[in-house]
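> Here it is, the structure in full.
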Amino acid sequence: MLSEPRSGRLAAWGNALLAGLVSPDDAVLAIVGGDAVHRVEGLPGESGPVGLTLALGRLRALGVTALRVALPAPGHPLGLSGPPEFNARALDAEEAVVCHGAALGLVPEVYEAGPEGDVHVEVVWHCLPVREAPPADVPSLGEAERELAEALREATEVLSRLDVAGSGPVAEAAIDAYRARAERGREVLAPGYPPRAVRVLELAQRVGLLVSLAEGNGQGGAVSAGEMGARAAALRPVERTARRAQVAAYNSVVEERERWVR
């Protein structure tokens, strides 16, 4: 979770575009990021894959008014609403975007192409039907922020007791890279998102980094099966909480808009 999910970039900048806050060119540039190209396949009215600019315009014409993020994991269909075919594909990708205003969803498939030493990444977003229903297990921003702070405290206590915090040159390099990105003032979310959403997403990404470092630290100081089990038990809920917080942050503009409509 050190880097933002592609579904997060698509939803955040797609929402900014749909709200008229950014140009199509700026939105597409931000969504593609460091990838070579993004295409959308299966879009209603199109016979084959199309570019991202055309796809976003087509979604708007189909009635899409906003985009939501889903970050599911086995046993946790976070942000999904069905049907099973879409859920299965999203679970395999570990992410998806669900359209608001039209019963459509987008799941990325990532390809690497090119010769060794010059490999580039291409992404195909598969457009599929979704069920129009409330997304699963998505908290409000306030709930996500409180849960994240509590989970971080509890996990830190357990990991410190078991001496399994990330350490060594790899962990230090990862933390330095995270700090460098933060200090550059990178735009965590697109225009139109409230400051609280930015704060929650930054904390969720930081917590995700700490979890990945702890998971990748081998045995650490957990020398017994019981201690290893305790570490896994400590990391599991905090990782889930961090994913829920990410989804809450990305989806916050949609939830805010729905509150105003009501």
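Labeling convention for the structure tokens: chains A, B, ... as they appear, residues from 1 per chain, ligands from 1 in order of appearance.
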DSSP on the backbone, strand (DSSP E or B) only: what residues of region 2-211 of chain A does that give? Format it as a PyMOL selection string.

chain A and resi 37-41+50-51+66-70+73+76+96-100+104-113+120-129

> Need to verify the contact set: region 143-149 of chain A, 10 Å, only C-alpha atoms, exclusion of same-chain residues closer than 6 positions in sequence. Can you return it as a ChimeraX atom specification?

/A:196-197,199-201,203-204,207,237-249

> Work out how far CA of Val98 (chain A) is from CA of Ala66 (chain A), in Å to one decimal.

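Distance reported for this atom pair: 8.7 Å.
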
> Which polymer residues have any atom within 9 Å of an atom of region 47-50 of chain A, counting only C-alpha atoms, with same-chain residues fewer than 5 positions away left out, as a PyMOL selection string?

chain A and resi 38-42+55+124-125

> Please produce an output containing all heavy atoms for each residue in the selection, written as a compact mmCIF listing (two decimals), in the first residue's frame.


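Okay, this is what ended up in selection08.txt:
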# COMPACT_ATOMS: atom_id res chain seq x y z
N HIS A 38 -3.30 3.55 -20.67
CA HIS A 38 -4.49 2.91 -20.12
C HIS A 38 -5.55 2.86 -21.22
O HIS A 38 -5.76 3.86 -21.94
CB HIS A 38 -5.06 3.70 -18.93
CG HIS A 38 -4.28 3.53 -17.67
ND1 HIS A 38 -4.87 3.52 -16.42
CD2 HIS A 38 -2.95 3.36 -17.45
CE1 HIS A 38 -3.95 3.35 -15.50
NE2 HIS A 38 -2.77 3.27 -16.09
N ARG A 39 -6.24 1.73 -21.32
CA ARG A 39 -7.36 1.58 -22.24
C ARG A 39 -8.55 1.00 -21.49
O ARG A 39 -8.39 0.40 -20.43
CB ARG A 39 -6.99 0.67 -23.42
CG ARG A 39 -5.85 1.20 -24.29
CD ARG A 39 -5.62 0.28 -25.49
NE ARG A 39 -4.53 0.76 -26.33
CZ ARG A 39 -3.26 0.42 -26.14
NH1 ARG A 39 -2.93 -0.40 -25.15
NH2 ARG A 39 -2.31 0.90 -26.94
N VAL A 40 -9.73 1.18 -22.06
CA VAL A 40 -10.95 0.65 -21.45
C VAL A 40 -11.62 -0.28 -22.46
O VAL A 40 -11.86 0.11 -23.61
CB VAL A 40 -11.92 1.77 -21.03
CG1 VAL A 40 -13.19 1.18 -20.41
CG2 VAL A 40 -11.23 2.72 -20.05
N GLU A 41 -11.92 -1.49 -22.02
CA GLU A 41 -12.50 -2.51 -22.88
C GLU A 41 -13.89 -2.89 -22.37
O GLU A 41 -14.13 -2.95 -21.16
CB GLU A 41 -11.60 -3.75 -22.88
CG GLU A 41 -12.03 -4.85 -23.82
CD GLU A 41 -11.02 -5.99 -23.82
OE1 GLU A 41 -11.04 -6.78 -22.85
OE2 GLU A 41 -10.23 -6.08 -24.78
N GLY A 42 -14.83 -3.13 -23.30
CA GLY A 42 -16.18 -3.55 -22.91
C GLY A 42 -17.12 -2.40 -22.63
O GLY A 42 -18.22 -2.60 -22.09
N ALA A 55 -13.09 7.15 -23.06
CA ALA A 55 -13.85 6.34 -22.11
C ALA A 55 -14.51 7.19 -21.04
O ALA A 55 -15.68 6.98 -20.70
CB ALA A 55 -12.94 5.30 -21.47
N VAL A 124 -5.35 -2.37 -18.96
CA VAL A 124 -6.66 -2.47 -19.61
C VAL A 124 -7.72 -2.51 -18.51
O VAL A 124 -7.68 -3.38 -17.63
CB VAL A 124 -6.77 -3.72 -20.49
CG1 VAL A 124 -8.20 -3.86 -21.04
CG2 VAL A 124 -5.76 -3.65 -21.64
N TRP A 125 -8.64 -1.55 -18.54
CA TRP A 125 -9.76 -1.53 -17.60
C TRP A 125 -10.94 -2.27 -18.24
O TRP A 125 -11.41 -1.87 -19.31
CB TRP A 125 -10.17 -0.10 -17.28
CG TRP A 125 -9.15 0.65 -16.49
CD1 TRP A 125 -8.11 1.40 -16.99
CD2 TRP A 125 -9.05 0.74 -15.07
NE1 TRP A 125 -7.38 1.94 -15.96
CE2 TRP A 125 -7.94 1.56 -14.77
CE3 TRP A 125 -9.80 0.21 -14.01
CZ2 TRP A 125 -7.55 1.86 -13.47
CZ3 TRP A 125 -9.43 0.52 -12.71
CH2 TRP A 125 -8.32 1.32 -12.44

> Write out as JSON, numbers by chain the residues lying within 9 Å of Asp35 (chain A), counting only C-alpha atoms and excluding same-chain residues fewer than 6 positions away.

{"A": [120, 121, 122, 123]}

> Go ahead and dump the residues you just picked, N, CA, C and O atoms, as an mmCIF file, in the first residue's frame.


data_model
loop_
_atom_site.group_PDB
_atom_site.id
_atom_site.type_symbol
_atom_site.label_atom_id
_atom_site.label_comp_id
_atom_site.auth_asym_id
_atom_site.auth_seq_id
_atom_site.Cartn_x
_atom_site.Cartn_y
_atom_site.Cartn_z
ATOM 1 N N HIS A 120 7.662 -1.580 -20.118
ATOM 2 C CA HIS A 120 6.671 -0.575 -19.760
ATOM 3 C C HIS A 120 5.353 -1.267 -19.400
ATOM 4 O O HIS A 120 5.113 -2.414 -19.788
ATOM 5 N N VAL A 121 4.549 -0.556 -18.650
ATOM 6 C CA VAL A 121 3.307 -1.118 -18.116
ATOM 7 C C VAL A 121 2.103 -0.576 -18.875
ATOM 8 O O VAL A 121 1.982 0.641 -19.079
ATOM 9 N N GLU A 122 1.254 -1.486 -19.308
ATOM 10 C CA GLU A 122 0.000 -1.122 -19.951
ATOM 11 C C GLU A 122 -1.147 -1.642 -19.097
ATOM 12 O O GLU A 122 -1.059 -2.738 -18.528
ATOM 13 N N VAL A 123 -2.215 -0.868 -19.003
ATOM 14 C CA VAL A 123 -3.365 -1.238 -18.183
ATOM 15 C C VAL A 123 -4.620 -1.265 -19.043
ATOM 16 O O VAL A 123 -4.883 -0.307 -19.788
#

> Pick out the residues sitting within 9 Å of Gly82 (chain A), and hand them over as a PyMOL selection string; count only C-alpha atoms, and ignore anything fewer than 2 positions along from it in its own chain.

chain A and resi 80+84-88+129-133+135

> I need the residues of region 19-183 of chain A that end up classed as alpha helix (DSSP H) by DSSP on the backbone, written out as a ChimeraX atom specification.

/A:24-32,52-61,84-93,141-162,168-183

> Pick out the closest residue to His76 (chain A) from this set: A:Val97, A:Ala103, A:Ala190, A:Ala136. Count only C-alpha atoms.

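Of all the options, A:Ala136 lies closest to His76 (chain A).
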
> Just to confirm, what's the straight-line distance from CA of Ala113 (chain A) to CA of Gly34 (chain A) in Å (one decimal)?

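Between these atoms lies a distance of 14.0 Å.
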
> Using only C-alpha atoms, which of the listed residues (A:Leu106, A:Val28, A:Leu141, A:Ala96) sits closest to Gly8 (chain A)?

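Smallest separation from Gly8 (chain A) among the options: A:Ala96.
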
> From the list A:Arg68, A:Leu104, A:Glu95, A:Ile31, which residue is nearest Pro44 (chain A) when using only C-alpha atoms?

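Residue with the minimum atom-to-atom distance to Pro44 (chain A): A:Leu104.
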
> Closest to Gly142 (chain A) among A:Ser252, A:Gly105, A:Ser23, A:Leu17, using only C-alpha atoms?

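Result for the nearest residue to Gly142 (chain A): A:Ser252.
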
> Counting only C-alpha atoms, which residue out of A:Pro24, A:Glu256, A:Val37, A:Pro194 sits closest to Tyr111 (chain A)?

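Distance minimum relative to Tyr111 (chain A) lands on A:Val37.
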